[in-house]
$ cat run_26.pdb   # PDB, C-alpha atoms
ATOM      1  CA  MET C   1      59.724  96.907  93.166
ATOM      2  CA  THR C   2      61.351  99.998  91.742
ATOM      3  CA  GLN C   3      64.092 100.276  89.174
ATOM      4  CA  HIS C   4      66.435 103.204  88.823
ATOM      5  CA  PRO C   5      66.943 103.224  85.053
ATOM      6  CA  HIS C   6      69.659 105.280  83.433
ATOM      7  CA  ASN C   7      70.878 105.458  79.853
ATOM      8  CA  LEU C   8      71.140 102.095  78.148
ATOM      9  CA  GLU C   9      74.915 101.986  78.500
ATOM     10  CA  HIS C  10      74.604 102.298  82.274
ATOM     11  CA  SER C  11      73.862  99.540  84.758
ATOM     12  CA  LEU C  12      70.631  99.510  86.749
ATOM     13  CA  SER C  13      69.867  99.223  90.440
ATOM     14  CA  VAL C  14      66.717  97.405  91.576
ATOM     15  CA  HIS C  15      65.041  97.976  94.945
ATOM     16  CA  GLY C  16      62.013  96.201  96.359
ATOM     17  CA  LYS C  17      60.158  95.224  99.528
ATOM     18  CA  ASN C  18      59.853  91.603  98.400
ATOM     19  CA  VAL C  19      62.713  89.117  98.607
ATOM     20  CA  GLN C  20      62.155  88.100  94.970
ATOM     21  CA  CYS C  21      63.749  91.372  93.836
ATOM     22  CA  LEU C  22      67.179  89.911  94.665
ATOM     23  CA  ALA C  23      66.918  87.590  91.660
ATOM     24  CA  GLU C  24      67.099  90.679  89.423
ATOM     25  CA  ILE C  25      70.875  90.671  89.992
ATOM     26  CA  LEU C  26      71.043  87.809  87.465
ATOM     27  CA  ARG C  27      70.124  90.230  84.677
ATOM     28  CA  ASP C  28      73.088  91.460  82.636
ATOM     29  CA  ASN C  29      72.276  95.162  83.076
ATOM     30  CA  VAL C  30      71.686  95.085  86.868
ATOM     31  CA  ASN C  31      74.646  95.570  89.216
ATOM     32  CA  LEU C  32      72.771  96.201  92.485
ATOM     33  CA  ALA C  33      69.680  94.513  93.933
ATOM     34  CA  VAL C  34      68.348  95.609  97.338
ATOM     35  CA  TRP C  35      65.659  93.872  99.383
ATOM     36  CA  GLN C  36      64.383  96.654 101.629
ATOM     37  CA  ARG C  37      63.216  94.528 104.539
ATOM     38  CA  PRO C  38      62.375  95.932 107.999
ATOM     39  CA  ARG C  39      64.555  95.452 111.046
ATOM     40  CA  ASN C  40      63.739  92.397 113.114
ATOM     41  CA  ASN C  41      63.135  92.940 116.816
ATOM     42  CA  HIS C  42      63.990  89.294 117.561
ATOM     43  CA  TRP C  43      67.695  89.890 116.947
ATOM     44  CA  ALA C  44      67.962  93.588 117.847
ATOM     45  CA  ALA C  45      68.989  93.019 121.479
ATOM     46  CA  PHE C  46      71.641  90.480 120.455
ATOM     47  CA  VAL C  47      73.088  92.853 117.848
ATOM     48  CA  ASN C  48      73.460  95.690 120.361
ATOM     49  CA  GLU C  49      75.016  93.491 123.051
ATOM     50  CA  PHE C  50      77.332  91.764 120.575
ATOM     51  CA  CYS C  51      78.632  95.079 119.206
ATOM     52  CA  ASN C  52      79.123  96.566 122.661
ATOM     53  CA  ARG C  53      81.174  93.604 123.826
ATOM     54  CA  ALA C  54      83.089  92.921 120.610
ATOM     55  CA  GLY C  55      84.724  96.331 120.040
ATOM     56  CA  ASN C  56      86.470  95.854 116.664
ATOM     57  CA  LEU C  57      86.052  92.314 115.397
ATOM     58  CA  GLU C  58      86.503  90.445 112.120
ATOM     59  CA  ARG C  59      85.681  86.789 111.625
ATOM     60  CA  PHE C  60      85.855  84.786 108.407
ATOM     61  CA  VAL C  61      84.755  81.216 107.733
ATOM     62  CA  SER C  62      84.115  79.159 104.623
ATOM     63  CA  LEU C  63      80.641  77.638 104.754
ATOM     64  CA  GLU C  64      79.878  74.408 102.952
ATOM     65  CA  ARG C  65      76.243  73.711 102.129
ATOM     66  CA  GLY C  66      74.283  73.226 105.359
ATOM     67  CA  GLN C  67      76.923  74.683 107.705
ATOM     68  CA  SER C  68      75.754  77.353 110.146
ATOM     69  CA  ALA C  69      76.996  80.907 110.664
ATOM     70  CA  ALA C  70      77.341  79.975 114.340
ATOM     71  CA  THR C  71      80.796  78.613 113.472
ATOM     72  CA  ALA C  72      81.988  82.179 112.793
ATOM     73  CA  LEU C  73      80.977  83.588 116.175
ATOM     74  CA  PRO C  74      83.243  83.609 119.234
ATOM     75  CA  GLY C  75      81.973  81.294 121.951
ATOM     76  CA  TRP C  76      80.886  84.080 124.286
ATOM     77  CA  ALA C  77      78.585  85.509 121.623
ATOM     78  CA  LEU C  78      76.564  82.294 121.482
ATOM     79  CA  ASP C  79      75.509  82.890 125.087
ATOM     80  CA  ILE C  80      73.961  86.301 124.384
ATOM     81  CA  GLU C  81      70.173  86.251 124.445
ATOM     82  CA  GLY C  82      68.741  86.279 120.943
ATOM     83  CA  SER C  83      71.869  84.861 119.281
ATOM     84  CA  ASN C  84      69.812  81.978 117.881
ATOM     85  CA  HIS C  85      67.490  84.413 116.059
ATOM     86  CA  TRP C  86      70.399  86.307 114.516
ATOM     87  CA  ILE C  87      72.226  83.132 113.500
ATOM     88  CA  ALA C  88      69.032  81.832 111.895
ATOM     89  CA  ASP C  89      68.752  85.055 109.894
ATOM     90  CA  VAL C  90      72.333  84.859 108.610
ATOM     91  CA  ASP C  91      71.844  81.169 107.807
ATOM     92  CA  GLU C  92      68.761  82.102 105.774
ATOM     93  CA  LEU C  93      70.770  84.695 103.823
ATOM     94  CA  ALA C  94      73.451  82.091 103.120
ATOM     95  CA  GLU C  95      70.796  79.642 101.903
ATOM     96  CA  MET C  96      69.344  82.299  99.584
ATOM     97  CA  TYR C  97      72.821  83.082  98.235
ATOM     98  CA  GLN C  98      73.438  79.370  97.665
ATOM     99  CA  CYS C  99      70.152  78.973  95.786
ATOM    100  CA  LEU C 100      70.803  81.983  93.543
ATOM    101  CA  PHE C 101      74.389  81.330  92.549
ATOM    102  CA  GLU C 102      75.210  77.709  93.518
ATOM    103  CA  PRO C 103      78.817  78.437  94.551
ATOM    104  CA  GLU C 104      81.063  75.603  95.666
ATOM    105  CA  ALA C 105      81.315  77.311  99.052
ATOM    106  CA  ILE C 106      80.367  80.624 100.646
ATOM    107  CA  GLY C 107      82.779  82.950 102.397
ATOM    108  CA  LEU C 108      81.111  84.486 105.452
ATOM    109  CA  ARG C 109      82.590  87.649 106.966
ATOM    110  CA  ILE C 110      81.341  89.235 110.170
ATOM    111  CA  HIS C 111      82.640  92.712 110.941
ATOM    112  CA  VAL C 112      82.080  94.857 114.014
ATOM    113  CA  LEU C 113      83.482  98.236 113.005
ATOM    114  CA  ALA C 114      84.072 101.213 115.253
ATOM    115  CA  ASP C 115      85.967 102.901 112.391
ATOM    116  CA  THR C 116      85.441 103.161 108.643
ATOM    117  CA  MET C 117      86.640  99.971 106.931
ATOM    118  CA  CYS C 118      86.829 101.152 103.281
ATOM    119  CA  PRO C 119      86.485 104.969 103.216
ATOM    120  CA  ARG C 120      87.304 105.323  99.489
ATOM    121  CA  PHE C 121      84.862 104.504  96.743
ATOM    122  CA  HIS C 122      85.931 101.232  95.116
ATOM    123  CA  VAL C 123      84.760  98.186  93.211
ATOM    124  CA  ASP C 124      85.054  94.590  94.400
ATOM    125  CA  ARG C 125      87.090  92.027  92.433
ATOM    126  CA  VAL C 126      84.479  89.347  93.094
ATOM    127  CA  PRO C 127      81.524  88.006  91.081
ATOM    128  CA  VAL C 128      78.807  89.125  93.499
ATOM    129  CA  ARG C 129      78.801  90.035  97.184
ATOM    130  CA  LEU C 130      75.891  90.021  99.621
ATOM    131  CA  LEU C 131      75.984  92.735 102.289
ATOM    132  CA  CYS C 132      73.680  93.308 105.237
ATOM    133  CA  THR C 133      74.328  95.998 107.850
ATOM    134  CA  TYR C 134      72.589  94.912 111.043
ATOM    135  CA  ARG C 135      73.576  97.971 113.042
ATOM    136  CA  GLY C 136      74.695 101.468 112.092
ATOM    137  CA  PRO C 137      74.536 103.194 108.715
ATOM    138  CA  GLY C 138      74.511 101.018 105.608
ATOM    139  CA  THR C 139      76.956 100.887 102.691
ATOM    140  CA  GLU C 140      77.126 103.969 100.464
ATOM    141  CA  TRP C 141      77.053 103.588  96.671
ATOM    142  CA  LEU C 142      77.007 105.635  93.488
ATOM    143  CA  PRO C 143      74.514 105.375  90.611
ATOM    144  CA  ASP C 144      76.338 104.407  87.448
ATOM    145  CA  PRO C 145      75.930 107.746  85.583
ATOM    146  CA  LEU C 146      77.773 109.542  88.404
ATOM    147  CA  VAL C 147      80.796 107.220  88.362
ATOM    148  CA  THR C 148      84.144 108.187  86.872
ATOM    149  CA  ARG C 149      85.766 104.995  85.554
ATOM    150  CA  PRO C 150      89.436 104.601  84.594
ATOM    151  CA  ALA C 151      90.232 105.120  80.913
ATOM    152  CA  GLY C 152      91.783 101.653  80.732
ATOM    153  CA  GLU C 153      92.923  99.099  83.248
ATOM    154  CA  GLY C 154      93.861 100.595  86.586
ATOM    155  CA  PRO C 155      92.445 101.694  89.916
ATOM    156  CA  LEU C 156      89.199 103.589  90.218
ATOM    157  CA  PRO C 157      89.943 107.332  90.294
ATOM    158  CA  GLU C 158      88.731 109.607  93.071
ATOM    159  CA  GLN C 159      85.009 110.226  92.738
ATOM    160  CA  SER C 160      83.859 113.866  92.777
ATOM    161  CA  VAL C 161      80.196 113.485  93.665
ATOM    162  CA  PRO C 162      78.048 115.894  95.698
ATOM    163  CA  SER C 163      77.159 114.371  99.060
ATOM    164  CA  ASP C 164      73.439 114.620  98.320
ATOM    165  CA  ARG C 165      73.859 112.316  95.301
ATOM    166  CA  ILE C 166      75.492 109.504  97.289
ATOM    167  CA  GLN C 167      73.026 106.673  97.936
ATOM    168  CA  THR C 168      72.829 104.551 101.101
ATOM    169  CA  ILE C 169      71.651 100.966 101.470
ATOM    170  CA  PRO C 170      69.200 100.990 104.413
ATOM    171  CA  THR C 171      70.128  99.312 107.692
ATOM    172  CA  ALA C 172      68.866  95.689 107.788
ATOM    173  CA  ALA C 173      68.322  95.652 104.005
ATOM    174  CA  VAL C 174      69.877  92.795 102.045
ATOM    175  CA  ALA C 175      71.950  93.907  99.051
ATOM    176  CA  LEU C 176      73.629  92.019  96.225
ATOM    177  CA  LEU C 177      76.521  93.976  94.701
ATOM    178  CA  LYS C 178      77.834  92.769  91.354
ATOM    179  CA  GLY C 179      81.607  93.006  91.117
ATOM    180  CA  GLU C 180      84.252  93.074  88.419
ATOM    181  CA  ALA C 181      84.663  89.282  88.338
ATOM    182  CA  TRP C 182      81.089  88.618  87.210
ATOM    183  CA  GLU C 183      81.321  87.382  83.624
ATOM    184  CA  GLY C 184      80.573  90.280  81.272
ATOM    185  CA  ASN C 185      80.685  92.876  84.058
ATOM    186  CA  GLU C 186      84.337  93.855  83.735
ATOM    187  CA  GLY C 187      84.689  97.612  84.158
ATOM    188  CA  ARG C 188      81.112  97.925  85.438
ATOM    189  CA  GLY C 189      81.319  96.754  89.067
ATOM    190  CA  LEU C 190      79.175  98.612  91.578
ATOM    191  CA  VAL C 191      81.070 101.548  93.111
ATOM    192  CA  HIS C 192      80.615 101.737  96.882
ATOM    193  CA  ARG C 193      82.295 102.509 100.196
ATOM    194  CA  SER C 194      81.873 102.123 103.950
ATOM    195  CA  PRO C 195      80.170 105.038 105.730
ATOM    196  CA  GLN C 196      81.313 106.788 108.877
ATOM    197  CA  PRO C 197      80.056 104.812 111.917
ATOM    198  CA  ASN C 198      78.939 108.076 113.608
ATOM    199  CA  GLY C 199      80.048 106.945 117.041
ATOM    200  CA  THR C 200      78.100 103.673 116.979
ATOM    201  CA  PRO C 201      79.882 100.448 116.003
ATOM    202  CA  ARG C 202      78.467  98.891 112.834
ATOM    203  CA  LEU C 203      77.717  95.190 112.461
ATOM    204  CA  VAL C 204      78.119  94.107 108.838
ATOM    205  CA  VAL C 205      77.771  90.638 107.362
ATOM    206  CA  GLY C 206      79.201  89.813 103.928
ATOM    207  CA  LEU C 207      78.810  86.683 101.805
ATOM    208  CA  ASP C 208      81.174  85.898  98.930
ATOM    209  CA  TRP C 209      81.306  83.305  96.176
ATOM    210  CA  LEU C 210      84.165  80.875  96.813
ATOM    211  CA  SER C 211      85.507  78.338  94.377
ATOM    212  CA  SER C 212      88.363  75.885  94.587
TER     213      SER C 212
END

$ encode --input "run_26.pdb" --output "structure tokens"
Amino acid sequence: MTQHPHNLEHSLSVHGKNVQCLAEILRDNVNLAVWQRPRNNHWAAFVNEFCNRAGNLERFVSLERGQSAATALPGWALDIEGSNHWIADVDELAEMYQCLFEPEAIGLRIHVLADTMCPRFHVDRVPVRLLCTYRGPGTEWLPDPLVTRPAGEGPLPEQSVPSDRIQTIPTAAVALLKGEAWEGNEGRGLVHRSPQPNGTPRLVVGLDWLSS
């Protein structure tokens, strides 16, 4: 596991090849944890077929404990070979998220994106979001020392960062992004954006902390 330490006033990012590195997001000074896992050939064929048939697609469901991600897929997608392997993977991510944070419910978003969803750098107004890009380039983010924050309350200003300093979460990696609504993290949420799809639709799964 590697840490990218900065000055003490800056937040850290933690990256590792073991799933246990995700628990580092619980530390006060960590606002990004990335499990750099390899792609899984069991769901690769499903992902390609699903993206090719879906075009642009967005699905959202609220998952109670024990509910499956299968409820978020259109019926035709369940018939694609390998769908069971992909659903099992998303269900495992939801179970991990539940164990780490114990939310009342989990918001599951599935996006197939032929265009850029959020082209501007921004922060999320959520406690913590899980992102996994199953196909296409992963989410881009900025190390904390490179970020220009607003002087007070207000939107994040335009970020003037050389392209070679912008970081990318690897495809298939599992990332936990701490947002502005995490207690004590106000004004320190991870700054990130969607990349250009480069002609290939992206498949992105997001998990959010829901409460009543």

$ closest_residue --input "run_26.pdb" --among "C:Pro103, C:Pro170, C:Gly152, C:Pro119" --to "Glu186 of chain C" --atoms "all atoms listed in the file"
C:Gly152

$ atom_distance --input "run_26.pdb" --atom1 "atom CA of Gly179 of chain C" --atom2 "atom CA of Cys51 of chain C"
28.3 Å

$ resolve_selection --input "run_26.pdb" --expression "the PyMOL selection byres ((chain C and resi 32) around 10)" --output "ChimeraX atom specification"
/C:11-15,22,24-26,29-31,33-34,128-130,141,143,175-179,189-191

$ closest_residue --input "run_26.pdb" --among "C:Ala114, C:Leu156, C:Leu146, C:Met96" --to "Leu207 of chain C" --atoms "only C-alpha atoms"
C:Met96

$ resolve_selection --input "run_26.pdb" --expression "the PyMOL selection byres ((chain C and resi 196) around 12)" --output "PDB file with C-alpha atoms, in the coordinates of the input"
ATOM      1  CA  LEU C 113      83.482  98.236 113.005  1.00  0.00           C
ATOM      2  CA  ALA C 114      84.072 101.213 115.253  1.00  0.00           C
ATOM      3  CA  ASP C 115      85.967 102.901 112.391  1.00  0.00           C
ATOM      4  CA  THR C 116      85.441 103.161 108.643  1.00  0.00           C
ATOM      5  CA  MET C 117      86.640  99.971 106.931  1.00  0.00           C
ATOM      6  CA  CYS C 118      86.829 101.152 103.281  1.00  0.00           C
ATOM      7  CA  PRO C 119      86.485 104.969 103.216  1.00  0.00           C
ATOM      8  CA  ARG C 120      87.304 105.323  99.489  1.00  0.00           C
ATOM      9  CA  GLY C 136      74.695 101.468 112.092  1.00  0.00           C
ATOM     10  CA  PRO C 137      74.536 103.194 108.715  1.00  0.00           C
ATOM     11  CA  GLY C 138      74.511 101.018 105.608  1.00  0.00           C
ATOM     12  CA  THR C 139      76.956 100.887 102.691  1.00  0.00           C
ATOM     13  CA  GLU C 140      77.126 103.969 100.464  1.00  0.00           C
ATOM     14  CA  THR C 168      72.829 104.551 101.101  1.00  0.00           C
ATOM     15  CA  ARG C 193      82.295 102.509 100.196  1.00  0.00           C
ATOM     16  CA  SER C 194      81.873 102.123 103.950  1.00  0.00           C
ATOM     17  CA  PRO C 195      80.170 105.038 105.730  1.00  0.00           C
ATOM     18  CA  PRO C 197      80.056 104.812 111.917  1.00  0.00           C
ATOM     19  CA  ASN C 198      78.939 108.076 113.608  1.00  0.00           C
ATOM     20  CA  GLY C 199      80.048 106.945 117.041  1.00  0.00           C
ATOM     21  CA  THR C 200      78.100 103.673 116.979  1.00  0.00           C
ATOM     22  CA  PRO C 201      79.882 100.448 116.003  1.00  0.00           C
ATOM     23  CA  ARG C 202      78.467  98.891 112.834  1.00  0.00           C
TER      24      ARG C 202
END

$ atom_distance --input "run_26.pdb" --atom1 "atom CA of Ser211 of chain C" --atom2 "atom CA of Ile106 of chain C"
8.4 Å

$ closest_residue --input "run_26.pdb" --among "C:Gln98, C:Thr171, C:Ser160, C:Thr133" --to "Trp209 of chain C" --atoms "all atoms listed in the file"
C:Gln98

$ resolve_selection --input "run_26.pdb" --expression "the PyMOL selection byres ((chain C and resi 58-67) around 6)" --output "JSON, numbers by chain"
{"C": [57, 68, 72, 105, 106, 107, 108, 109, 110, 111]}

$ closest_residue --input "run_26.pdb" --among "C:Arg125, C:Thr71, C:Trp86, C:Val147" --to "Pro162 of chain C" --atoms "all atoms listed in the file"
C:Val147

$ closest_residue --input "run_26.pdb" --among "C:Pro38, C:Val126, C:His10, C:Asp208" --to "Pro145 of chain C" --atoms "all atoms listed in the file"
C:His10

$ closest_residue --input "run_26.pdb" --among "C:Pro127, C:Gly16, C:Val90, C:Phe101" --to "Val204 of chain C" --atoms "only C-alpha atoms"
C:Val90

$ atom_distance --input "run_26.pdb" --atom1 "atom CA of Leu210 of chain C" --atom2 "atom CA of Phe50 of chain C"
27.0 Å

$ axis_aligned_box --input "run_26.pdb" --around "segment 23-32 of chain C" --padding-each-side "4 Å" --output "lines of an AutoDock Vina configuration file"
center_x = 70.8
center_y = 91.9
center_z = 87.6
size_x = 15.7
size_y = 16.6
size_z = 17.8

$ residues_near_point --input "run_26.pdb" --point "(72.2, 94.2, 122.5)" --cutoff "12 Å" --atoms "only C-alpha atoms" --output "mmCIF file with C-alpha atoms, in the coordinates of the input"
data_model
loop_
_atom_site.group_PDB
_atom_site.id
_atom_site.type_symbol
_atom_site.label_atom_id
_atom_site.label_comp_id
_atom_site.auth_asym_id
_atom_site.auth_seq_id
_atom_site.Cartn_x
_atom_site.Cartn_y
_atom_site.Cartn_z
ATOM 1 C CA ASN C 41 63.135 92.940 116.816
ATOM 2 C CA HIS C 42 63.990 89.294 117.561
ATOM 3 C CA TRP C 43 67.695 89.890 116.947
ATOM 4 C CA ALA C 44 67.962 93.588 117.847
ATOM 5 C CA ALA C 45 68.989 93.019 121.479
ATOM 6 C CA PHE C 46 71.641 90.480 120.455
ATOM 7 C CA VAL C 47 73.088 92.853 117.848
ATOM 8 C CA ASN C 48 73.460 95.690 120.361
ATOM 9 C CA GLU C 49 75.016 93.491 123.051
ATOM 10 C CA PHE C 50 77.332 91.764 120.575
ATOM 11 C CA CYS C 51 78.632 95.079 119.206
ATOM 12 C CA ASN C 52 79.123 96.566 122.661
ATOM 13 C CA ARG C 53 81.174 93.604 123.826
ATOM 14 C CA ALA C 54 83.089 92.921 120.610
ATOM 15 C CA ALA C 77 78.585 85.509 121.623
ATOM 16 C CA ILE C 80 73.961 86.301 124.384
ATOM 17 C CA GLU C 81 70.173 86.251 124.445
ATOM 18 C CA GLY C 82 68.741 86.279 120.943
ATOM 19 C CA SER C 83 71.869 84.861 119.281
ATOM 20 C CA TRP C 86 70.399 86.307 114.516
ATOM 21 C CA TYR C 134 72.589 94.912 111.043
ATOM 22 C CA ARG C 135 73.576 97.971 113.042
ATOM 23 C CA PRO C 201 79.882 100.448 116.003
ATOM 24 C CA LEU C 203 77.717 95.190 112.461
#
